[in-house]
Amino acid sequence: MTAKPIVAIVGRPNVGKSTLFNRLTGRRSALVSDMPGLTRDRREGEAMLGDHAIVLVDTAGLEEAASGSIAARMRQQSESAITAADLVLFVIDAREGVTPPDEAFARIARASGKPVILVANKAEGKAGTAGFYDAFSLGLGEPIAISAEHGEGIVDLILDMMQALGFKTAPPRRAAGGDRDAATEVADDGREPASQRAIRVAIVGRPNAGKSTLVNALLGDERMITGPEPGLTRDTISTELEWQGRKFLLFDTAGLRRKAKVTELAEKLSTSDSIRAIRFAEVVVLMVDAQAPLEHQDLTIGDMVESEGRALVIAVNKWDLVAEKQKQLKEMRESLASRLAQVPDVAMVTVSALGERGLDKLMAEIVAAYESWNRRVPTADLNRWLQEALERHSPPAVNGRRLRLRYITQPSARPPTFIAFCSRPAELPRSYIRYLTNSLRTAFKMPGVPIRFNLKKSENPYASRGGRVRSRRS
């Protein structure tokens, strides 16, 4: 009988190794805490990659330590795990970025001669963006952005693990034009396909905008307490919904007011819970009261959704009470275009939650936003687009020297994230970056979702890199 491959999870303390171990094994067998150094011994567990069983090893955090100390012995255990492994998952904390210990232990991983996959954990939301791109400097190839706690990016990680171990994977389903749906699971990996998973949808907005009424209307049941009094909802309540064969998990949240007006402890806790729901959601529905549309707080919430990298749909409630509908709709679209310009062409749906009107249109826009948020663009198509965009409008010259953009790749989706390699990235004007971002959004049909467009000073990253090189699937 062939021995099961061994995969070691290594990295400095408190980067989420045990959380990833639990996620991949499907069990909460490893203790998880914010307290660093909780794991001391190697912990082994079985995980399935498709039809293939592997031995997964959770290790203590790698630390510089005096000889003979507990920390030194913990490090010795971790180095032994690397020696015995067939594949190493090197984990960093994307929110903290690359630290000197990460650099030191990346050298250990490279020196081992074992295949290494670089994992940028805690990459959900905007806070992990900078650390993710810093990870390229470790020389371990292109990082995989994940959130072990929330399950984001795990499919991409599993696919890379299977490839590194030589396991056969089922070919991904392809959409029109050759795009691979980022949410598509490996057909034979024993997990629920993404098209069958529930889409997490947070319903947010100011107090008394009709959030609970909307959830009740979608469920066809008086599940939530509703009434004219603002602030009835305090806890974020999750409920399951099935619509036209798709599953959803709806989160009804407490109303979000301006920070200066939030004084009571209960409301502070409710507000924190609502913000947490935005961060955990995949699509956020911003409920707006048609009788007081797009006030400052609505736009502040929309900006928060964009900052967290979530897909956004705007639902204008109580539309049946509006007299001059076309005039108000035009004014709202103009306001959105100027005051929420960072998410152009966001879907805006008029509904009446109480009258149960416009609900099918709203659900269709939620699905469309979710699919755009998951979109991946093949690298070849991206670079053809880049050349065309440069020909239409070339980068400006700075101090008599023309800036050059040579290559672009998409390391992750959810939201769509791109890296362009530029000769002098710090000198490229923001206006030109906006031009590229908007052109990219139009060319590959990604309306209303945040796009992360980042620049890095480098040549083509795959042209002359030493060590293990992994190409991103497209």
# chains A, B, ... in the order shown; residues from 1 in each chain; ligands from 1

call {"tool": "residues_around", "arguments": {"residues": "A:Ile144", "least_positions_apart": "2", "cutoff": "8 Å", "atoms": "only C-alpha atoms", "output": "PDB file with C-alpha atoms, in the first residue's frame"}}
result
ATOM      1  CA  ILE A 117       3.034  26.658  -1.361  1.00  0.00           C
ATOM      2  CA  LEU A 118       2.971  30.152   0.085  1.00  0.00           C
ATOM      3  CA  VAL A 119      -0.322  30.845   1.884  1.00  0.00           C
ATOM      4  CA  ALA A 120      -1.345  34.414   2.763  1.00  0.00           C
ATOM      5  CA  GLU A 142       2.840  33.405  -6.123  1.00  0.00           C
ATOM      6  CA  ILE A 146      -7.148  32.684   1.863  1.00  0.00           C
ATOM      7  CA  GLY A 153      -9.669  30.772  -1.083  1.00  0.00           C
ATOM      8  CA  ASP A 156      -7.677  27.418  -4.901  1.00  0.00           C
ATOM      9  CA  LEU A 157      -5.375  26.127  -2.175  1.00  0.00           C
ATOM     10  CA  PRO A 411      -3.875  36.314  -8.206  1.00  0.00           C
ATOM     11  CA  SER A 412      -7.323  36.128  -6.645  1.00  0.00           C
TER      12      SER A 412
END

call {"tool": "closest_residue", "arguments": {"among": "A:Ile203, A:Leu440, A:Ile54, A:Leu405", "to": "A:Val305", "atoms": "only C-alpha atoms"}}
result
A:Ile203

call {"tool": "closest_residue", "arguments": {"among": "A:Arg452, A:Arg12, A:Arg375, A:Arg43", "to": "A:Val98", "atoms": "only C-alpha atoms"}}
result
A:Arg12

call {"tool": "residues_around", "arguments": {"residues": "A:Leu250", "least_positions_apart": "2", "cutoff": "7 Å", "atoms": "only C-alpha atoms", "output": "MDAnalysis selection string"}}
result
chainID A and resid 200:202 238:240 248 252

call {"tool": "residues_around", "arguments": {"residues": "stretch 89-92 of chain A", "least_positions_apart": "4", "cutoff": "9 Å", "atoms": "only C-alpha atoms", "output": "PyMOL selection string"}}
result
chain A and resi 7-12+15-17+96-99+102+105-106+109+115-122+131-132+135+140+161

call {"tool": "residues_around", "arguments": {"residues": "A:Ala217", "least_positions_apart": "3", "cutoff": "8 Å", "atoms": "only C-alpha atoms", "output": "PyMOL selection string"}}
result
chain A and resi 213-214+220-222+353-354+356

call {"tool": "closest_residue", "arguments": {"among": "A:Pro378, A:Gly151, A:Gly113, A:Pro416", "to": "A:Ala311", "atoms": "only C-alpha atoms"}}
result
A:Pro416

call {"tool": "closest_residue", "arguments": {"among": "A:Val377, A:Ala3, A:Leu87, A:Leu455", "to": "A:Arg404", "atoms": "only C-alpha atoms"}}
result
A:Leu455

call {"tool": "residues_around", "arguments": {"residues": "A:Thr129", "least_positions_apart": "4", "cutoff": "8 Å", "atoms": "only C-alpha atoms", "output": "tab-separated table (two decimals) with all heavy atoms, in the first residue's frame"}}
result
chain	number	residue	atom	x	y	z
A	94	ALA	N	-1.49	37.88	6.36
A	94	ALA	CA	-1.54	38.96	5.37
A	94	ALA	C	-1.83	40.31	6.01
A	94	ALA	O	-1.46	41.35	5.47
A	94	ALA	CB	-2.60	38.64	4.31
A	95	ARG	N	-2.49	40.31	7.16
A	95	ARG	CA	-2.82	41.59	7.80
A	95	ARG	C	-1.61	42.22	8.48
A	95	ARG	O	-1.57	43.43	8.66
A	95	ARG	CB	-3.94	41.39	8.81
A	95	ARG	CG	-5.24	41.00	8.11
A	95	ARG	CD	-6.44	40.97	8.99
A	95	ARG	NE	-7.62	40.73	8.19
A	95	ARG	CZ	-8.69	41.52	8.17
A	95	ARG	NH1	-8.74	42.58	8.93
A	95	ARG	NH2	-9.72	41.25	7.38
A	123	ALA	N	-6.61	37.11	4.66
A	123	ALA	CA	-6.57	38.05	3.54
A	123	ALA	C	-7.94	38.64	3.23
A	123	ALA	O	-8.08	39.38	2.27
A	123	ALA	CB	-6.01	37.36	2.30
A	125	GLY	N	-11.06	41.09	3.26
A	125	GLY	CA	-11.16	42.53	3.46
A	125	GLY	C	-9.92	43.27	2.99
A	125	GLY	O	-8.95	42.71	2.49
A	133	TYR	N	0.68	41.27	-1.14
A	133	TYR	CA	1.64	41.57	-2.19
A	133	TYR	C	3.08	41.57	-1.66
A	133	TYR	O	4.02	41.27	-2.39
A	133	TYR	CB	1.29	42.91	-2.84
A	133	TYR	CG	-0.04	42.81	-3.54
A	133	TYR	CD1	-1.13	43.54	-3.10
A	133	TYR	CD2	-0.22	41.91	-4.58
A	133	TYR	CE1	-2.37	43.39	-3.69
A	133	TYR	CE2	-1.46	41.76	-5.17
A	133	TYR	CZ	-2.53	42.51	-4.75
A	133	TYR	OH	-3.75	42.34	-5.33
